[in-house]
Amino acid sequence: MSERTKRHASIETLDTGLGARDRGKVADALVPVLADSYILLIKTHVYHWNVVGQHFLPLHELTEAHYTNLFAAVDEIAERIRSLGKRAPLSLSALRDKASVEEETVNRTAEEMVAHLVDDHEQLTKRLREAALLADESDDLVTADLLTQRLAFHEKAIWMLRAILGKA
Ligand SMILES: [Fe+2]
């Protein structure tokens with residue numbers, strides 16, 4: 001094995017200007033964000049299937065747009081964890097352990113679904129903001145940018161969900 005090959009065999013020697021400690025810290029902060037995004041993805045999809053009543057069509061369509069976005073987002077977040085040199089979580093139960101968003105267990109009215117989604121998006125914005133600030137302080141501009149874009153999505157989602165219920 002050449003010296004160069006040896007050097008690239010270890011993640012500790014990744015030479016991007018970000019230290020191993022900072023990369024580890026930021027990657028660790030991404031795991032709860034990934035976990036909450038995944039649980040919210042599942043919850044949003046479940047509501048897409050089960051919503052009934054006068055808000056059916058707007059909610060069925062909005063949840064589809066949201067779970068599509070969330071599915072792409074979890075892939076990006078997990079791949080950022082890998083780019084930072086850490087392994088992504090291996091199972092749904094590993095993600096569940098790190099999530100603050102709770103899975104759905106009962107059938108709800110459309111209004112209750114929206115209220116739950118708004119709470120969950122709000123919860124996620126707080127985790128995202130914390131992780132984005134940590135990434136920024138750690139000079140990890142790529143993660144800070146990714147998380148800022150995720151924040152914009154969730155803040156917009158909150159507006160749209162609230163508007164369906166007629167909330168200003
Ligand atoms: Fe569908």
# chains A, B, ... in the order shown; residues from 1 in each chain; ligands from 1

call {"tool": "residues_near_ligand", "arguments": {"ligand": "ligand 1", "cutoff": "10 Å", "atoms": "only C-alpha atoms and all ligand atoms", "output": "PyMOL selection string"}}
result
chain A and resi 45-46+48-49+60-61+63-65+67

call {"tool": "residues_around", "arguments": {"residues": "segment 94-108 of chain A", "least_positions_apart": "2", "cutoff": "9 Å", "atoms": "only C-alpha atoms", "output": "ChimeraX atom specification"}}
result
/A:31-40,42-43,46-47,50-51,89-92,110-113,119-121,123-124

call {"tool": "closest_residue", "arguments": {"among": "A:Thr109, A:Thr68, A:Ser2, A:Thr125", "to": "Thr148 of chain A", "atoms": "only C-alpha atoms"}}
result
A:Thr125

call {"tool": "closest_residue", "arguments": {"among": "A:Glu155, A:Glu79, A:Asp140, A:Asp145", "to": "Ala20 of chain A", "atoms": "only C-alpha atoms"}}
result
A:Asp140

call {"tool": "atom_distance", "arguments": {"atom1": "atom CA of Val118 of chain A", "atom2": "atom CA of Leu161 of chain A"}}
result
6.7 Å

call {"tool": "closest_residue", "arguments": {"among": "A:Leu30, A:Leu84, A:Met160, A:Val74", "to": "Glu130 of chain A", "atoms": "only C-alpha atoms"}}
result
A:Leu30

call {"tool": "atom_distance", "arguments": {"atom1": "atom CA of Leu147 of chain A", "atom2": "atom CA of Asp15 of chain A"}}
result
22.7 Å

call {"tool": "closest_residue", "arguments": {"among": "A:Leu18, A:Ala132, A:Ile81, A:Val114", "to": "Ala157 of chain A", "atoms": "only C-alpha atoms"}}
result
A:Val114

call {"tool": "select_by_dssp", "arguments": {"residues": "chain A", "states": "alpha helix (DSSP H)", "output": "PyMOL selection string"}}
result
chain A and resi 3-9+20-50+56-83+92-98+110-137+141-164

call {"tool": "closest_residue", "arguments": {"among": "A:Gln149, A:Ala168, A:Glu122, A:Ala163", "to": "His55 of chain A", "atoms": "only C-alpha atoms"}}
result
A:Ala163

call {"tool": "atom_distance", "arguments": {"atom1": "atom CA of Gln54 of chain A", "atom2": "atom CA of His66 of chain A"}}
result
19.7 Å

call {"tool": "closest_residue", "arguments": {"among": "A:Lys156, A:Lys167, A:Lys86, A:Arg129", "to": "Arg23 of chain A", "atoms": "only C-alpha atoms"}}
result
A:Lys86
